[in-house]
Structures are given as structure tokens and as C-alpha cells.
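Student: Can you keep this structure in mind? I'll have questions shortly.
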Number of protein chains: 2
Amino acid sequence: MAGRPKIYDETAILDKAVEVFWEKGYANATADDLLHAMGIGKGSFYFAFKGGKEELFRKSMERVVELNFKAIRDALATCENPVQFIRDFFLSLTGNDSPVGNKGCYFGNALIQVSADDSGLKIIAAKYLHLLEEIFTEAVQKGKDLGLLETQELAAALGTYLVNLWNGLNVTRRMETDQHKLAELVRMNLNILH
Amino acid sequence: MAGRPKIYDETAILDKAVEVFWEKGYANATADDLLHAMGIGKGSFYFAFKGGKEELFRKSMERVVELNFKAIRDALATCENPVQFIRDFFLSLTGNDSPVGNKGCYFGNALIQVSADDSGLKIIAAKYLHLLEEIFTEAVQKGKDLGLLETQELAAALGTYLVNLWNGLNVTRRMETDQHKLAELVRMNLNILH
DNA sequence: TTTATTTTGTACCAATTAGTAAAGTATTAT
DNA sequence: ATAATACTTTACTAATTGGTACAAAATAAA
């Protein structure tokens, strides 16, 4: 295999694209915004991402799953108290220093920002949110198996509950900056884990 | 006051604009889309809405509040069981025939779709979501006053809880089409009203 | 060194964007 | 009728959009 070598790191520029999409939203992020942030020219871009903006966004979603969801799943797999982990996870969302910030959920945003004709992207975003739901469900099941939960609710139902809480918080955070109210809101919701 | 009379009904074309914004999203709705749906020319449009798309959206938000939130508030004011009203309200969101459909919340959508530089619109959208929160809070307070609720939680905290549920459902509906799961999700959330 | 292969930079393009300018039309007040 | 006002139509513009074409450049293999 011969040929001129790439002068950029594929995942590095993908991370830059993620930043732009997350900050500006899918519809508002222009090709120029993205190219500038990625630091590559049009030729390189359309060579690497033949599908243009849509393909870039698809790959950026994969990257976000890789970076964020896998990390959560791994942490849950190794931690000894998955229920406490979930509590801490949601409470951390109420702070100013939240990893999510006020940028919201990458996939929830996508579901709302992507135009109707790009329904393929929406389906993928929904799929990844279902993955998050599964992660929550597994954590709850593990908590039950360990005898940390006495609730009669099914683990799957609680997984749905938690992904809905996640979806809600990512919107509510944008209308409500009072951290105490947010923390109180999370506390009330987490009462379901008993 | 003299002058050529308008040949269209101001609120009628506003309703058309609401449809387009709700269907396509703020960023994806082009001036052409809007003008075509409203059935007026550019001249008339920029005459009636000097601020262009942004002003149109601001007025469209007012219109949605007028049509939707005021109706909820009025219904709550006259109904005899506000708690049951809230239960019915949320359960109705889980059906296919939901008034919200899969278009989501006009204001939640706005918070996520509007670009960062249009922060004025976001502030207004957040304000209207706070209005919804107040409506929920009042309903809960009324339920408490009537002795329909024995919970120790404050009405305001429950109002926040309910607006967060609203925000969550409007996203979760887009990833989860199974109505039974949605109904179960709502049931679990409404257990907090006891 | 030549050739094949892969990547990059530049110039270009057609379509669409939001928005303006201005001439013309329909009405009321005088 | 005439003038003042309020609205509409049409044509235009300047900028930006995503995307393409293609020659030049950088490398590995022959």
C-alpha cells in the first residue's frame, strides 16, 4: 500500500467536529465551521467523509458513544455499588462543572435538531439512547442481584425511567440554572431507587 | 387611520408559521418555507414582521402559549380534581393521538434548536417553560388544599418535577414508540402524586 | 527512477439564503 | 377628487451554502 500519508489524526479531527456539533447544534453547524475547527481543507474533508456533513455527524455520534457511554458502562462493570454510582452520576449533572454542561445530550439534541428528511440520523440517535437505557437497566439489575434494591419495579422499567430522567434533565438544565432546585429534582426522582 | 387593508388574517398566518416551526424546527425552517405556508409575499412578510424570522418566531411562541398553556390553565381552574387532571394530561401524552404528537414541546425544542447567538429567543422559551412549571405548581397546591394529596413534598418542588417529566417525555417519545412502555413510564412518575 | 496510489490545496459552481428597494395598489380622510 | 396612509408585488442583491473538479504533492513499490 502506497500513497501520500494523512497529515492529520482521524480521531483528533473527529473530536473537533464533536465539539462544534455539540456547541452549535447539527443544523447550525456549517461546513465552514467544521472545516475550520478540524483544521483541514475541503479536499481532505470530502475525501475522508464522502457523505459530507451527514456522514461526519454519524461518525461523530459513534465517537461520542465510544468516549462517553463506554466509559459509563466500564465504570459500572467494575464498581461495587451500581446504585450509588447511578445516584452520583445524576447528582453530578446538577452542578456547574457537569461534563454535560449546558450542551445537553448529544443524542437527545440530535433527535430534536436533525431535519425530518435526515431521518436516518434520528434512528441512529434513538438507537444510542436505547443503549444508554440498557446500561441503566443493567446497573439496576446488578443492584437488585446484590440485594441493594427492594423495589418491585422491573429493572427494564427503571432503565426507561432513568433514561427519561436523563432526557428531561438535559432540557430542564437549560431553563433552570438554580443548582439547588436541580439537585432537589434529582433527589425526588432517585427516590424510586429504594 | 387610512391605508390599504390587510388581505390576510394575522393570527391565521401566525398559526401557519407555528405549524412550520413545529414541524421542521427553528433552524431548519427557511423563510421560503414560512412564506409559502403563510401564503404571503416577501414584501408583506417583512412589512408585518420587521424583525424577520426571529420576530416571527417570538410571536409564534406567544401564540402557542395563548393556544395551549392558557387552555390548560383554564381547564385546571374550573376542574374539580386537579390531580386527576394532571394524571390524565400526562397519560394522554403517551398515545399516538397526543396533541403533542412527535413534534415535542415548542419551547423545549426552541431551547435546543435556536443557535447560541439568538440567546434572546432561548430566554423567552425558558420563561414560558417556567410558566408551565407554575401552572403545574398551582394545580398541585390546589390538590393539596382540597386534601387530595398527602405528600410532604412542596408544591413548587412537584411543579419542577412535573415540568421535568414533561421535558423528558417530549424527548423520550422520539426514541420510544412503544405506548405501553411510555404509559408505564408515566405511571411510575405519577406515583409521586400521592 | 519510474509508476501507481493516496492525500491535499485551490479554484470554482450552482443553488439557496435572508433581506432590500421601490414601484404600484387599495383604502380612508379631507 | 385628491392626498395621505397602509399594504402588496416584483425584481433584485450580496452573502453563504454544501459540494465538485482537478491539478499538484507526497509517499511506497517496481
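Labels for the C-alpha cells follow display order: chains A, B, ..., residues from 1 in each chain, ligands from 1.
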Which residues are close to Trp22 of chain A, i.e. within 12 Å by only C-alpha atoms (C1' of nucleotides), leaving aside same-chain residues fewer than 3 positions away? Reply as a ChimeraX atom specification.
Tutor: /A:15-19,25-29,34,57,60-61,64,100-110,113 /B:112-113,115-116
Student: Next, dump the selected residues to file, keeping only C-alpha atoms, as a short mmCIF file (atom, residue, chain, number, x, y, z; two decimals), in the first residue's frame.
Tutor:
data_model
loop_
_atom_site.label_atom_id
_atom_site.label_comp_id
_atom_site.auth_asym_id
_atom_site.auth_seq_id
_atom_site.Cartn_x
_atom_site.Cartn_y
_atom_site.Cartn_z
CA ASP A 15 -13.23 15.18 18.33
CA LYS A 16 -13.09 18.70 16.99
CA ALA A 17 -16.21 18.06 14.92
CA VAL A 18 -17.97 16.69 18.01
CA GLU A 19 -17.15 19.93 19.82
CA GLY A 25 -26.15 22.03 17.06
CA TYR A 26 -26.35 19.91 13.92
CA ALA A 27 -28.41 22.30 11.81
CA ASN A 28 -26.47 25.39 12.82
CA ALA A 29 -23.02 23.90 12.32
CA LEU A 34 -16.46 22.28 10.94
CA PHE A 57 -22.19 13.50 12.12
CA SER A 60 -19.19 11.81 15.47
CA MET A 61 -22.07 10.01 17.19
CA VAL A 64 -19.36 10.13 21.49
CA VAL A 100 -22.65 17.63 30.06
CA GLY A 101 -22.53 21.35 30.72
CA ASN A 102 -25.44 23.14 29.19
CA LYS A 103 -24.81 21.50 25.87
CA GLY A 104 -27.25 18.72 26.64
CA CYS A 105 -27.20 15.13 25.46
CA TYR A 106 -25.56 14.62 22.08
CA PHE A 107 -28.29 12.21 21.00
CA GLY A 108 -31.27 13.95 22.54
CA ASN A 109 -30.12 17.10 20.81
CA ALA A 110 -29.81 15.20 17.54
CA GLN A 113 -32.19 19.25 15.76
CA ILE B 112 -32.25 23.05 21.77
CA GLN B 113 -32.70 24.30 18.21
CA SER B 115 -28.40 28.99 17.86
CA ALA B 116 -26.31 30.43 20.65
#
Student: Chain C near chain B within 10 Å: what's each residue's closest atom pair and its distance in Å to one decimal, counting only C-alpha atoms (C1' of nucleotides), ordered by chain then ascending residue number, as JSON lines?
Tutor:
{"residue": "C:DT16", "atom": "C1'", "partner": "B:Thr30", "partner_atom": "CA", "distance": 9.8}
{"residue": "C:DT17", "atom": "C1'", "partner": "B:Thr30", "partner_atom": "CA", "distance": 8.2}
{"residue": "C:DA18", "atom": "C1'", "partner": "B:Ala31", "partner_atom": "CA", "distance": 7.3}
{"residue": "C:DG19", "atom": "C1'", "partner": "B:Gly52", "partner_atom": "CA", "distance": 8.5}
{"residue": "C:DT20", "atom": "C1'", "partner": "B:Gly43", "partner_atom": "CA", "distance": 9.5}
{"residue": "C:DT25", "atom": "C1'", "partner": "B:Arg4", "partner_atom": "CA", "distance": 8.1}
{"residue": "C:DA26", "atom": "C1'", "partner": "B:Arg4", "partner_atom": "CA", "distance": 4.8}
{"residue": "C:DT27", "atom": "C1'", "partner": "B:Arg4", "partner_atom": "CA", "distance": 4.3}
{"residue": "C:DT28", "atom": "C1'", "partner": "B:Ala2", "partner_atom": "CA", "distance": 4.2}
{"residue": "C:DA29", "atom": "C1'", "partner": "B:Ala2", "partner_atom": "CA", "distance": 7.1}
Student: Sorted by chain and rising residue number, which residues of chain D lie within 10 Å of chain B, and what are their closest atom pairs and distances in Å to one decimal, counting only C-alpha atoms (C1' of nucleotides), as a tab-separated table?
Tutor:
residue	atom	partner	partner_atom	distance
D:DA4	C1'	B:Ala2	CA	7.7
D:DT5	C1'	B:Gly3	CA	4.4
D:DA6	C1'	B:Gly3	CA	3.7
D:DC7	C1'	B:Arg4	CA	5.2
D:DT8	C1'	B:Ser44	CA	6.1
D:DT9	C1'	B:Gly43	CA	7.3
D:DT10	C1'	B:Gly43	CA	9.2
Student: Could those residues be written to a file, using N, CA and C atoms (P, O5', C5', C4', C3', O3' and C1' of nucleotides), as a PDB file, in the first residue's frame?
Tutor:
ATOM      1  P    DA D   4     -50.521  65.089   1.267  1.00  0.00           P
ATOM      2  O5'  DA D   4     -50.759  63.960   2.355  1.00  0.00           O
ATOM      3  C5'  DA D   4     -51.905  64.041   3.190  1.00  0.00           C
ATOM      4  C4'  DA D   4     -52.162  62.696   3.828  1.00  0.00           C
ATOM      5  C3'  DA D   4     -50.895  61.948   4.250  1.00  0.00           C
ATOM      6  O3'  DA D   4     -51.050  61.518   5.593  1.00  0.00           O
ATOM      7  C1'  DA D   4     -52.281  60.539   2.940  1.00  0.00           C
ATOM      8  P    DT D   5     -49.845  60.829   6.357  1.00  0.00           P
ATOM      9  O5'  DT D   5     -50.291  59.296   6.327  1.00  0.00           O
ATOM     10  C5'  DT D   5     -51.616  58.959   6.743  1.00  0.00           C
ATOM     11  C4'  DT D   5     -51.917  57.536   6.345  1.00  0.00           C
ATOM     12  C3'  DT D   5     -50.852  56.526   6.744  1.00  0.00           C
ATOM     13  O3'  DT D   5     -51.436  55.642   7.682  1.00  0.00           O
ATOM     14  C1'  DT D   5     -51.678  56.130   4.546  1.00  0.00           C
ATOM     15  P    DA D   6     -50.582  54.568   8.416  1.00  0.00           P
ATOM     16  O5'  DA D   6     -50.959  53.257   7.590  1.00  0.00           O
ATOM     17  C5'  DA D   6     -52.342  52.946   7.394  1.00  0.00           C
ATOM     18  C4'  DA D   6     -52.446  51.693   6.544  1.00  0.00           C
ATOM     19  C3'  DA D   6     -51.480  50.582   6.934  1.00  0.00           C
ATOM     20  O3'  DA D   6     -52.216  49.374   6.888  1.00  0.00           O
ATOM     21  C1'  DA D   6     -51.202  51.108   4.650  1.00  0.00           C
ATOM     22  P    DC D   7     -51.546  48.053   7.457  1.00  0.00           P
ATOM     23  O5'  DC D   7     -51.172  47.270   6.126  1.00  0.00           O
ATOM     24  C5'  DC D   7     -52.244  46.839   5.300  1.00  0.00           C
ATOM     25  C4'  DC D   7     -51.741  46.589   3.898  1.00  0.00           C
ATOM     26  C3'  DC D   7     -50.823  45.374   3.730  1.00  0.00           C
ATOM     27  O3'  DC D   7     -51.609  44.338   3.149  1.00  0.00           O
ATOM     28  C1'  DC D   7     -50.263  47.192   2.282  1.00  0.00           C
ATOM     29  P    DT D   8     -50.937  42.963   2.764  1.00  0.00           P
ATOM     30  O5'  DT D   8     -50.421  43.200   1.268  1.00  0.00           O
ATOM     31  C5'  DT D   8     -51.346  43.536   0.250  1.00  0.00           C
ATOM     32  C4'  DT D   8     -50.673  43.444  -1.111  1.00  0.00           C
ATOM     33  C3'  DT D   8     -49.852  42.189  -1.360  1.00  0.00           C
ATOM     34  O3'  DT D   8     -50.190  41.721  -2.642  1.00  0.00           O
ATOM     35  C1'  DT D   8     -48.526  44.096  -1.774  1.00  0.00           C
ATOM     36  P    DT D   9     -49.803  40.223  -3.053  1.00  0.00           P
ATOM     37  O5'  DT D   9     -48.976  40.462  -4.393  1.00  0.00           O
ATOM     38  C5'  DT D   9     -49.279  41.610  -5.191  1.00  0.00           C
ATOM     39  C4'  DT D   9     -48.078  41.981  -6.048  1.00  0.00           C
ATOM     40  C3'  DT D   9     -47.178  40.798  -6.432  1.00  0.00           C
ATOM     41  O3'  DT D   9     -47.261  40.651  -7.834  1.00  0.00           O
ATOM     42  C1'  DT D   9     -45.894  42.701  -5.696  1.00  0.00           C
ATOM     43  P    DT D  10     -46.563  39.411  -8.565  1.00  0.00           P
ATOM     44  O5'  DT D  10     -45.163  40.055  -8.971  1.00  0.00           O
ATOM     45  C5'  DT D  10     -45.129  41.365  -9.507  1.00  0.00           C
ATOM     46  C4'  DT D  10     -43.692  41.845  -9.598  1.00  0.00           C
ATOM     47  C3'  DT D  10     -42.687  40.750  -9.976  1.00  0.00           C
ATOM     48  O3'  DT D  10     -42.056  41.149 -11.181  1.00  0.00           O
ATOM     49  C1'  DT D  10     -41.902  42.058  -8.140  1.00  0.00           C
TER      50       DT D  10
END
Student: Could you give me, as CSV, every chain A residue with an atom at most 8 Å from chain B, plus its closest atom pair and distance in Å to one decimal, counting only C-alpha atoms, rows ordered by chain then number?
Tutor:
residue,atom,partner,partner_atom,distance
A:Lys24,CA,B:Ser115,CA,6.2
A:Gly25,CA,B:Gln113,CA,7.0
A:Ala27,CA,B:Ala27,CA,6.2
A:Asn28,CA,B:Ser115,CA,6.5
A:Gly108,CA,B:Val171,CA,6.6
A:Asn109,CA,B:Ile112,CA,6.4
A:Leu111,CA,B:Arg174,CA,6.9
A:Ile112,CA,B:Asn109,CA,6.4
A:Gln113,CA,B:Gln113,CA,5.6
A:Ser115,CA,B:Lys24,CA,6.2
A:Ala116,CA,B:Lys24,CA,6.7
A:Ile123,CA,B:Met175,CA,7.9
A:Ala126,CA,B:Met175,CA,4.6
A:Lys127,CA,B:Met175,CA,7.5
A:Leu129,CA,B:Met175,CA,7.2
A:His130,CA,B:Met175,CA,7.5
A:Ala157,CA,B:Leu185,CA,7.1
A:Thr160,CA,B:Leu185,CA,6.9
A:Tyr161,CA,B:Leu185,CA,6.0
A:Val163,CA,B:Thr172,CA,7.9
A:Asn164,CA,B:Gly168,CA,5.2
A:Leu165,CA,B:Gly168,CA,6.2
A:Trp166,CA,B:Gly168,CA,7.4
A:Asn167,CA,B:Gly168,CA,4.8
A:Gly168,CA,B:Gly168,CA,3.4
A:Leu169,CA,B:Asn164,CA,6.6
A:Val171,CA,B:Asn167,CA,6.2
A:Thr172,CA,B:Asn164,CA,5.9
A:Arg174,CA,B:Leu111,CA,6.9
A:Met175,CA,B:Ala126,CA,4.7
A:Glu176,CA,B:Ala126,CA,7.9
A:Lys181,CA,B:Ala157,CA,7.7
A:Glu184,CA,B:Ala157,CA,7.6
A:Leu185,CA,B:Tyr161,CA,6.0
A:Met188,CA,B:Tyr161,CA,7.8
A:Asn189,CA,B:Tyr161,CA,8.0
Student: Which residue out of C:DT6, C:DT30, C:DA15, C:DA23 has the minimum interatomic distance to DA11 of chain D when only C-alpha atoms (C1' of nucleotides) are used?
Tutor: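 For DA11 of chain D, the nearest of the candidates is C:DA23.
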Student: Write out as a PyMOL selection string the set of residues from chain A that DSSP, computed on the backbone, places in alpha helix (DSSP H).
Tutor: chain A and resi 10-24+31-38+42-48+52-64+70-78+82-92+106-113+119-145+155-175+179-190
Student: What does the distance from atom CA of Gly143 of chain B to atom CA of Phe89 of chain B come to in Å, to one decimal?
Tutor: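 These atoms are spaced 14.9 Å apart.
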